>>> print(open('target.cif').read())   # mmCIF, C-alpha atoms
data_run
#
loop_
_atom_site.label_atom_id
_atom_site.label_comp_id
_atom_site.auth_asym_id
_atom_site.auth_seq_id
_atom_site.Cartn_x
_atom_site.Cartn_y
_atom_site.Cartn_z
CA MET A 23 245.32 -15.84 145.40
CA ARG A 24 242.14 -16.09 147.44
CA VAL A 25 238.45 -16.59 146.62
CA LEU A 26 236.82 -16.86 150.05
CA ASP A 27 237.73 -14.60 152.93
CA ALA A 28 238.30 -15.92 156.44
CA ASP A 29 234.56 -15.70 157.18
CA GLY A 30 233.57 -17.63 154.07
CA ALA A 31 232.33 -14.67 152.04
CA PHE A 32 232.94 -14.75 148.30
CA ALA A 33 235.60 -12.05 148.01
CA PRO A 34 238.10 -12.85 145.23
CA SER A 35 241.48 -11.16 145.47
CA PRO A 36 242.78 -9.42 142.32
CA ALA A 37 244.96 -12.45 141.55
CA ALA A 38 241.85 -14.63 141.47
CA GLU A 39 240.17 -12.94 138.54
CA GLU A 40 241.64 -15.16 135.81
CA PHE A 41 240.66 -18.30 137.74
CA LEU A 42 237.01 -17.42 138.36
CA PRO A 43 235.71 -19.24 135.25
CA LEU A 44 237.03 -22.51 136.71
CA ILE A 45 235.14 -21.83 139.93
CA ASP A 46 231.99 -20.71 138.15
CA ALA A 47 231.98 -24.04 136.31
CA LEU A 48 231.74 -26.02 139.56
CA THR A 49 228.33 -27.56 140.24
CA ASP A 50 226.54 -27.51 143.58
CA ALA A 51 227.29 -31.22 143.91
CA GLU A 52 231.01 -30.62 143.43
CA LEU A 53 231.07 -27.79 145.95
CA GLU A 54 229.25 -29.95 148.47
CA GLN A 55 231.69 -32.80 147.81
CA PHE A 56 234.59 -30.52 148.73
CA TYR A 57 232.92 -29.92 152.08
CA ARG A 58 232.16 -33.60 152.66
CA ASP A 59 235.76 -34.55 151.85
CA MET A 60 237.10 -32.15 154.47
CA VAL A 61 234.64 -33.12 157.20
CA VAL A 62 235.12 -36.85 156.72
CA ILE A 63 238.90 -36.76 156.63
CA ARG A 64 239.03 -34.64 159.77
CA ALA A 65 237.00 -37.27 161.61
CA ILE A 66 239.25 -40.02 160.26
CA ASP A 67 242.32 -38.02 161.23
CA THR A 68 241.01 -37.50 164.77
CA GLN A 69 240.19 -41.18 165.12
CA ALA A 70 243.65 -42.21 163.89
CA THR A 71 245.28 -39.84 166.38
CA ASN A 72 243.23 -41.38 169.17
CA LEU A 73 244.17 -44.88 168.01
CA GLN A 74 247.84 -43.98 168.23
CA ARG A 75 247.41 -42.57 171.72
CA GLN A 76 245.76 -45.85 172.72
CA GLY A 77 248.69 -47.91 171.45
CA GLN A 78 247.08 -49.16 168.23
CA LEU A 79 249.49 -47.30 165.91
CA ALA A 80 253.21 -46.66 166.07
CA LEU A 81 252.84 -43.16 164.63
CA TRP A 82 250.32 -40.82 163.06
CA PRO A 83 250.93 -37.51 161.22
CA PRO A 84 247.82 -35.34 161.73
CA SER A 85 246.48 -33.30 158.82
CA ARG A 86 244.07 -31.07 160.75
CA GLY A 87 244.02 -27.58 159.25
CA GLN A 88 245.40 -28.57 155.86
CA GLU A 89 242.23 -30.12 154.45
CA ALA A 90 241.41 -27.37 151.94
CA ALA A 91 244.81 -27.39 150.29
CA GLN A 92 244.65 -31.15 149.89
CA VAL A 93 241.01 -31.52 148.84
CA GLY A 94 241.14 -28.68 146.33
CA SER A 95 244.33 -29.92 144.68
CA ALA A 96 243.32 -33.58 144.60
CA ARG A 97 239.91 -32.81 143.11
CA ALA A 98 241.66 -30.74 140.43
CA ALA A 99 243.62 -33.72 139.11
CA ARG A 100 242.40 -35.90 136.26
CA PRO A 101 242.09 -39.69 136.64
CA GLN A 102 245.15 -40.32 134.43
CA ASP A 103 247.39 -38.07 136.53
CA THR A 104 249.86 -39.60 138.97
CA LEU A 105 250.13 -38.15 142.48
CA PHE A 106 253.13 -38.45 144.78
CA PRO A 107 252.21 -37.73 148.41
CA SER A 108 254.52 -37.05 151.29
CA TYR A 109 253.09 -38.61 154.49
CA ARG A 110 250.27 -36.30 155.57
CA GLU A 111 248.07 -36.33 152.45
CA HIS A 112 245.39 -38.60 153.89
CA VAL A 113 242.48 -37.03 152.05
CA VAL A 114 244.42 -36.93 148.77
CA ALA A 115 244.88 -40.69 149.03
CA ARG A 116 241.23 -41.22 149.97
CA ILE A 117 239.93 -39.11 147.10
CA ARG A 118 242.05 -41.09 144.65
CA GLY A 119 240.62 -44.38 145.93
CA VAL A 120 243.08 -45.54 148.58
CA ASP A 121 241.37 -47.20 151.54
CA PRO A 122 242.30 -45.19 154.69
CA VAL A 123 242.93 -48.49 156.45
CA ASP A 124 245.82 -49.03 154.05
CA ILE A 125 247.40 -45.88 155.49
CA ILE A 126 246.71 -47.30 158.94
CA ARG A 127 248.43 -50.56 158.01
CA LEU A 128 251.59 -48.63 157.26
CA MET A 129 251.46 -46.61 160.47
CA ARG A 130 250.60 -49.72 162.50
CA GLY A 131 253.64 -51.51 161.14
CA VAL A 132 251.83 -54.41 159.48
CA SER A 133 252.76 -53.34 155.95
CA HIS A 134 255.93 -52.05 154.36
CA GLY A 135 254.08 -49.82 151.93
CA GLY A 136 250.39 -49.69 152.72
CA TRP A 137 248.93 -50.16 149.24
CA ASN A 138 249.84 -51.20 145.73
CA PRO A 139 250.44 -48.00 143.72
CA THR A 140 249.98 -49.86 140.43
CA ASP A 141 246.54 -51.19 141.34
CA PRO A 142 243.97 -49.16 139.33
CA LYS A 143 241.69 -48.89 142.36
CA ASN A 144 244.30 -46.69 144.05
CA GLY A 145 244.05 -43.98 141.41
CA ASN A 146 247.71 -43.66 140.39
CA THR A 147 248.64 -42.70 143.94
CA ARG A 148 252.22 -43.51 144.86
CA LEU A 149 253.24 -44.57 148.35
CA TYR A 150 253.83 -42.33 151.33
CA THR A 151 257.46 -41.27 151.77
CA LEU A 152 258.80 -40.40 155.20
CA VAL A 153 262.25 -39.49 153.91
CA LEU A 154 261.81 -35.75 153.44
CA GLY A 155 261.92 -34.57 149.86
CA SER A 156 262.74 -37.90 148.24
CA GLN A 157 259.28 -38.19 146.69
CA VAL A 158 259.99 -35.02 144.70
CA LEU A 159 262.86 -36.78 142.94
CA HIS A 160 260.63 -39.78 142.32
CA ALA A 161 257.91 -37.58 140.85
CA THR A 162 260.32 -35.77 138.55
CA GLY A 163 261.79 -39.04 137.31
CA PHE A 164 258.29 -40.33 136.59
CA ALA A 165 257.38 -37.09 134.82
CA MET A 166 260.54 -37.29 132.72
CA GLY A 167 259.37 -40.75 131.66
CA LEU A 168 256.08 -39.26 130.48
CA VAL A 169 258.06 -36.86 128.30
CA PHE A 170 260.19 -39.68 126.86
CA ASP A 171 257.10 -41.82 126.21
CA GLY A 172 255.16 -39.00 124.52
CA LYS A 173 252.35 -39.10 127.08
CA CYS A 174 252.00 -35.35 127.45
CA GLY A 175 251.70 -32.34 125.20
CA THR A 176 249.82 -34.19 122.45
CA GLY A 177 246.85 -31.85 122.57
CA ASP A 178 244.45 -34.48 123.90
CA PRO A 179 243.49 -33.41 127.44
CA ASP A 180 241.69 -36.69 128.07
CA ARG A 181 244.86 -38.71 127.45
CA ASP A 182 247.75 -36.40 128.25
CA GLU A 183 249.14 -37.10 131.71
CA ALA A 184 250.55 -34.91 134.45
CA VAL A 185 252.27 -35.49 137.76
CA MET A 186 251.70 -33.68 141.04
CA VAL A 187 254.00 -34.00 144.03
CA TYR A 188 253.22 -32.86 147.58
CA TYR A 189 255.84 -31.64 150.02
CA GLY A 190 256.11 -29.25 152.94
CA ASP A 191 258.01 -26.12 153.80
CA GLY A 192 260.57 -28.17 155.72
CA ALA A 193 261.15 -30.51 152.78
CA SER A 194 261.52 -27.49 150.50
CA SER A 195 264.87 -26.85 152.19
CA GLN A 196 266.14 -30.31 151.21
CA GLY A 197 268.64 -30.57 148.38
CA ASP A 198 266.56 -33.31 146.77
CA VAL A 199 263.76 -30.85 146.06
CA HIS A 200 266.02 -28.38 144.30
CA GLU A 201 267.75 -31.10 142.28
CA ALA A 202 264.33 -32.34 141.19
CA MET A 203 263.38 -28.82 140.10
CA VAL A 204 266.56 -28.53 138.03
CA PHE A 205 265.72 -31.69 136.10
CA ALA A 206 262.03 -30.79 135.83
CA ALA A 207 262.87 -27.43 134.30
CA SER A 208 265.53 -28.90 132.00
CA TYR A 209 263.23 -31.61 130.64
CA ARG A 210 260.06 -29.51 130.79
CA THR A 211 258.23 -32.17 132.70
CA PRO A 212 254.41 -32.17 132.96
CA GLU A 213 254.62 -31.65 136.70
CA VAL A 214 253.15 -29.53 139.48
CA PHE A 215 255.19 -28.99 142.64
CA PHE A 216 252.56 -28.53 145.35
CA LEU A 217 254.15 -27.07 148.45
CA GLN A 218 252.02 -27.01 151.59
CA ASN A 219 253.52 -24.29 153.72
CA ASN A 220 252.09 -25.18 157.12
CA HIS A 221 254.54 -22.80 158.82
CA TRP A 222 256.42 -25.37 160.89
CA ALA A 223 259.11 -27.87 159.89
CA ILE A 224 258.58 -29.80 163.10
CA SER A 225 259.77 -27.05 165.51
CA VAL A 226 261.49 -24.75 162.99
CA PRO A 227 259.34 -21.84 161.76
CA VAL A 228 259.23 -21.10 158.06
CA THR A 229 260.65 -17.64 158.73
CA THR A 230 263.89 -19.30 159.78
CA GLN A 231 264.02 -21.34 156.58
CA SER A 232 263.47 -18.49 154.16
CA PRO A 233 263.42 -14.67 154.43
CA VAL A 234 261.09 -14.46 151.42
CA PRO A 235 257.90 -16.34 150.44
CA LEU A 236 258.73 -19.85 149.30
CA VAL A 237 256.83 -19.28 146.06
CA GLN A 238 259.74 -17.14 144.89
CA ARG A 239 261.91 -20.21 144.50
CA GLY A 240 259.91 -21.44 141.50
CA PRO A 241 260.75 -18.55 139.14
CA GLY A 242 264.42 -19.18 139.86
CA TYR A 243 264.01 -22.41 137.91
CA GLY A 244 261.88 -20.79 135.23
CA MET A 245 258.62 -22.19 136.57
CA PRO A 246 255.35 -20.26 136.53
CA SER A 247 254.42 -20.08 140.22
CA MET A 248 251.45 -19.04 142.30
CA ARG A 249 250.93 -18.42 146.00
CA VAL A 250 247.46 -19.46 147.14
CA ASP A 251 245.45 -19.34 150.34
CA GLY A 252 245.70 -23.00 151.31
CA ASN A 253 242.74 -22.73 153.68
CA ASP A 254 240.46 -21.77 150.77
CA VAL A 255 239.40 -24.96 149.02
CA LEU A 256 238.07 -23.08 145.98
CA ALA A 257 241.33 -21.23 145.47
CA SER A 258 243.34 -24.42 145.89
CA TYR A 259 241.17 -26.18 143.32
CA ALA A 260 241.29 -23.46 140.69
CA VAL A 261 245.02 -22.76 140.89
CA THR A 262 245.88 -26.45 140.79
CA ARG A 263 243.50 -27.18 137.93
CA HIS A 264 245.05 -24.38 135.90
CA ALA A 265 248.59 -25.51 136.73
CA LEU A 266 247.95 -29.15 135.86
CA GLU A 267 246.36 -28.25 132.54
CA GLY A 268 249.33 -26.09 131.64
CA ALA A 269 251.80 -28.78 132.63
CA ARG A 270 250.14 -31.68 130.80
CA SER A 271 249.70 -29.62 127.63
CA GLY A 272 253.47 -29.30 127.26
CA GLY A 273 254.02 -26.01 129.06
CA GLY A 274 256.53 -27.46 131.50
CA PRO A 275 256.49 -27.65 135.30
CA ARG A 276 254.62 -25.31 137.63
CA ALA A 277 254.97 -24.53 141.34
CA ILE A 278 252.28 -23.74 143.89
CA GLU A 279 252.76 -22.56 147.45
CA ALA A 280 249.61 -23.24 149.46
CA VAL A 281 249.79 -21.15 152.63
CA THR A 282 248.09 -23.14 155.37
CA TYR A 283 248.69 -24.18 158.97
CA ARG A 284 249.27 -27.42 160.82
CA MET A 285 246.80 -27.20 163.70
CA GLY A 286 248.01 -30.38 165.36
CA ALA A 287 251.39 -31.86 166.13
CA HIS A 288 253.95 -32.65 163.44
CA THR A 289 253.36 -36.29 164.32
CA THR A 290 252.04 -37.93 167.46
CA SER A 291 255.64 -38.05 168.76
CA ASP A 292 255.77 -34.25 168.77
CA ASP A 293 254.63 -31.68 171.36
CA PRO A 294 253.91 -28.35 169.59
CA THR A 295 253.34 -26.54 172.90
CA LYS A 296 257.12 -26.53 173.29
CA TYR A 297 257.68 -24.21 170.35
CA ARG A 298 254.52 -22.22 169.54
CA GLY A 299 251.92 -20.28 171.48
CA ASP A 300 248.16 -20.33 171.94
CA ALA A 301 247.69 -16.95 170.26
CA GLU A 302 249.13 -18.19 166.98
CA GLU A 303 246.96 -21.30 167.01
CA ALA A 304 243.86 -19.24 167.83
CA GLU A 305 244.53 -16.90 164.92
CA TRP A 306 244.74 -19.77 162.48
CA ALA A 307 241.71 -21.50 164.00
CA ARG A 308 239.75 -18.42 162.94
CA ARG A 309 240.65 -19.32 159.34
CA ASP A 310 239.56 -22.94 159.67
CA PRO A 311 238.96 -24.32 156.15
CA ILE A 312 235.87 -26.34 157.07
CA THR A 313 234.13 -23.50 158.89
CA ARG A 314 234.95 -21.23 155.99
CA MET A 315 233.48 -23.53 153.35
CA ARG A 316 230.38 -24.19 155.42
CA ALA A 317 229.71 -20.46 155.70
CA TYR A 318 230.05 -20.13 151.94
CA LEU A 319 227.65 -23.00 151.26
CA GLU A 320 225.14 -21.58 153.72
CA SER A 321 225.32 -18.23 151.94
CA ARG A 322 224.38 -20.09 148.75
CA GLY A 323 221.34 -21.60 150.43
CA ALA A 324 222.62 -25.08 151.22
CA ALA A 325 220.13 -27.08 153.28
CA SER A 326 220.95 -28.11 156.84
CA ALA A 327 220.56 -31.74 155.71
CA LEU A 328 223.85 -31.42 153.81
CA PHE A 329 225.79 -30.66 156.97
CA GLU A 330 223.96 -33.29 159.00
CA ASP A 331 224.65 -35.92 156.35
CA ALA A 332 228.31 -34.94 156.18
CA GLU A 333 228.68 -35.29 159.95
CA ALA A 334 226.93 -38.65 159.88
CA GLU A 335 229.18 -39.86 157.07
CA ALA A 336 232.23 -38.66 158.99
CA ALA A 337 231.18 -40.44 162.19
CA SER A 338 230.52 -43.65 160.27
CA ALA A 339 233.89 -43.47 158.48
CA ALA A 340 235.72 -42.88 161.76
CA GLU A 341 234.00 -45.78 163.50
CA ASP A 342 234.67 -48.05 160.53
CA LEU A 343 238.33 -47.08 160.66
CA ARG A 344 238.54 -47.98 164.36
CA ALA A 345 236.78 -51.33 163.95
CA ARG A 346 238.95 -52.42 161.05
CA THR A 347 242.14 -51.15 162.66
CA VAL A 348 241.82 -53.18 165.84
CA ALA A 349 240.91 -56.24 163.73
CA LEU A 350 244.09 -56.08 161.63
CA PRO A 351 246.06 -59.32 161.99
CA PRO A 352 249.80 -59.32 162.73
CA PRO A 353 252.00 -59.37 159.64
CA ASP A 354 253.61 -62.49 158.22
CA PRO A 355 257.33 -62.08 159.01
CA ALA A 356 258.16 -63.63 155.64
CA MET A 357 256.90 -60.52 153.85
CA VAL A 358 260.22 -58.85 154.63
CA PHE A 359 261.62 -60.79 151.67
CA GLU A 360 258.95 -59.65 149.21
CA HIS A 361 259.30 -56.85 146.63
CA ILE A 362 263.04 -56.44 147.18
CA TYR A 363 263.91 -57.07 143.54
CA SER A 364 261.68 -57.25 140.51
CA GLU A 365 263.02 -60.74 139.72
CA PRO A 366 263.99 -63.62 142.07
CA HIS A 367 267.38 -63.00 143.64
CA PRO A 368 269.65 -65.76 145.02
CA LEU A 369 270.75 -63.78 148.08
CA VAL A 370 267.17 -63.07 149.08
CA GLU A 371 266.25 -66.73 148.60
CA GLU A 372 269.22 -67.75 150.72
CA GLN A 373 268.09 -65.43 153.49
CA ARG A 374 264.52 -66.69 153.22
CA ALA A 375 265.72 -70.29 153.58
CA TRP A 376 267.90 -69.38 156.56
CA ARG A 377 264.99 -67.77 158.33
CA ALA A 378 262.79 -70.82 157.77
CA GLN A 379 265.51 -73.07 159.13
CA TYR A 380 266.05 -70.77 162.11
CA GLU A 381 262.35 -70.81 163.02
CA ALA A 382 262.18 -74.55 162.57
CA SER A 383 264.99 -74.93 165.09
CA PHE A 384 262.71 -73.62 167.84
CA ASP A 385 260.15 -76.31 167.05
CA ALA A 386 262.88 -78.95 167.18
CA ASP A 387 264.15 -77.66 170.53
CA ALA A 388 260.62 -77.68 171.93
CA ALA A 389 260.09 -81.26 170.79
CA THR A 390 263.38 -82.34 172.37
CA GLU A 391 262.53 -80.67 175.66
CA GLY A 392 259.13 -82.33 175.58
CA GLY A 393 260.70 -85.76 175.09
CA ARG A 394 263.03 -85.23 178.01
CA ALA A 395 260.11 -84.28 180.21
#
>>> encode(input="target.cif", output="structure tokens")
Amino acid sequence: MRVLDADGAFAPSPAAEEFLPLIDALTDAELEQFYRDMVVIRAIDTQATNLQRQGQLALWPPSRGQEAAQVGSARAARPQDTLFPSYREHVVARIRGVDPVDIIRLMRGVSHGGWNPTDPKNGNTRLYTLVLGSQVLHATGFAMGLVFDGKCGTGDPDRDEAVMVYYGDGASSQGDVHEAMVFAASYRTPEVFFLQNNHWAISVPVTTQSPVPLVQRGPGYGMPSMRVDGNDVLASYAVTRHALEGARSGGGPRAIEAVTYRMGAHTTSDDPTKYRGDAEEAEWARRDPITRMRAYLESRGAASALFEDAEAEAASAAEDLRARTVALPPPDPAMVFEHIYSEPHPLVEEQRAWRAQYEASFDADAATEGGRA
């Protein structure tokens, strides 16, 4: 399913016809917001990559090239929906209200989670998960809870809830993902499985993982499924909006394969030049989601001030990220004992006391040495 061609012209594919009313309903402000989201997150992503190269972060997973899939899907969700990211959904988190510096705190190693997923300001966004595929099980369990609690399929779209989980083509080969789909289909969960096929599971191409399009896995579990151009933000929005509405209304889970491309490294510990060539990257650069959306907005008569403002906002956001990153204080070592159990636990308290005693012993040794001097 595609709405915009690679050059940004409005050229819906036959599969797009049923989704056009959702796109027609978008206002100029909403279309412009899609563009701003993509431009700003790319600047933040570039800044975070630079920070890692300069020793300020332990790791960073770039999202360059995947902005349209993420922006379109995140903007399609309702406020009451719960989103389960993987570890590359930086703009999804930002759209839902998560401060990008909270992602930085995780990657810098000064936080065990990054943000509080139950804090309303974070928009029902669960934590990043670096264990491939595990978040899909978490999402399905949460969605099963919505079924048990009667929070979906009531006919009230403003109150019914849905779940969306993000994962990649590499994670789609994990057993966890398929087990989650079995339970989702069995319990008819209000859930959308949003697969970002960026073509590379680190250094393994998607063609090695599956001889057929990954979207074909969904029907095997009885899920309505759609393959969408993940570099087309309008297509990503419309397909996801439609899927979420169907899921929350009681229609059961849906699956989306967003075909996109990871322009950067898998993470900053990866060197993609070892396994893919310049020609492939150049071909996908021609389909850049930001360039594509800008061309579409220009064809609609968008003023140059829009693009200038977006670039200024992006530069400001990137500089703010840098300033607040380098100012982050070191973590309190005692936080390792927090959030282990929901209630106080005697073993944890014993370990906490041992650590305090151990640290105090250094002070005592220093005082003794000072007295001897």
>>> closest_residue(input="target.cif", among="A:Leu152, A:Leu73, A:Ile117, A:Ala51", to="Gly135 of chain A", atoms="all atoms listed in the file")
A:Leu152
>>> residues_around(input="target.cif", residues="Thr313 of chain A", least_positions_apart="3", cutoff="12 Å", atoms="all atoms listed in the file", output="VMD selection string")
chain A and resid 26 to 31 57 60 to 61 87 89 to 90 253 to 255 306 to 310 316 to 320 329
>>> atom_distance(input="target.cif", atom1="atom CA of Val187 of chain A", atom2="atom CA of Val214 of chain A")
6.4 Å
>>> resolve_selection(input="target.cif", expression="the PyMOL selection byres ((chain A and resi 342) around 12)", output="PyMOL selection string")
chain A and resi 62+65-66+69-70+121-123+335-341+343-349
>>> atom_distance(input="target.cif", atom1="atom CA of Glu183 of chain A", atom2="atom CA of Asp103 of chain A")
5.2 Å
>>> resolve_selection(input="target.cif", expression="the PyMOL selection byres ((chain A and resi 229-240) around 9)", output="number ranges by chain")
A: 191-192, 194-195, 203, 215, 217, 219, 221, 223, 226-228, 241-249, 276-280
>>> residues_around(input="target.cif", residues="Thr176 of chain A", least_positions_apart="5", cutoff="10 Å", atoms="all atoms listed in the file", output="PyMOL selection string")
chain A and resi 181-183+270-272
>>> resolve_selection(input="target.cif", expression="the PyMOL selection byres ((chain A and resi 257-259) around 10)", output="PyMOL selection string")
chain A and resi 23-26+34+38+41-42+44-45+56+90-99+249-256+260-265+278-281
>>> axis_aligned_box(input="target.cif", around="segment 46-60 of chain A", padding_each_side="3 Å", output="lines of an AutoDock Vina configuration file")
center_x = 231.8
center_y = -27.6
center_z = 145.4
size_x = 16.6
size_y = 19.8
size_z = 24.2
>>> atom_distance(input="target.cif", atom1="atom CA of Arg210 of chain A", atom2="atom CA of Thr162 of chain A")
10.0 Å
>>> closest_residue(input="target.cif", among="A:Gly172, A:Gly177, A:Pro351, A:Pro83", to="Thr68 of chain A", atoms="all atoms listed in the file")
A:Pro83
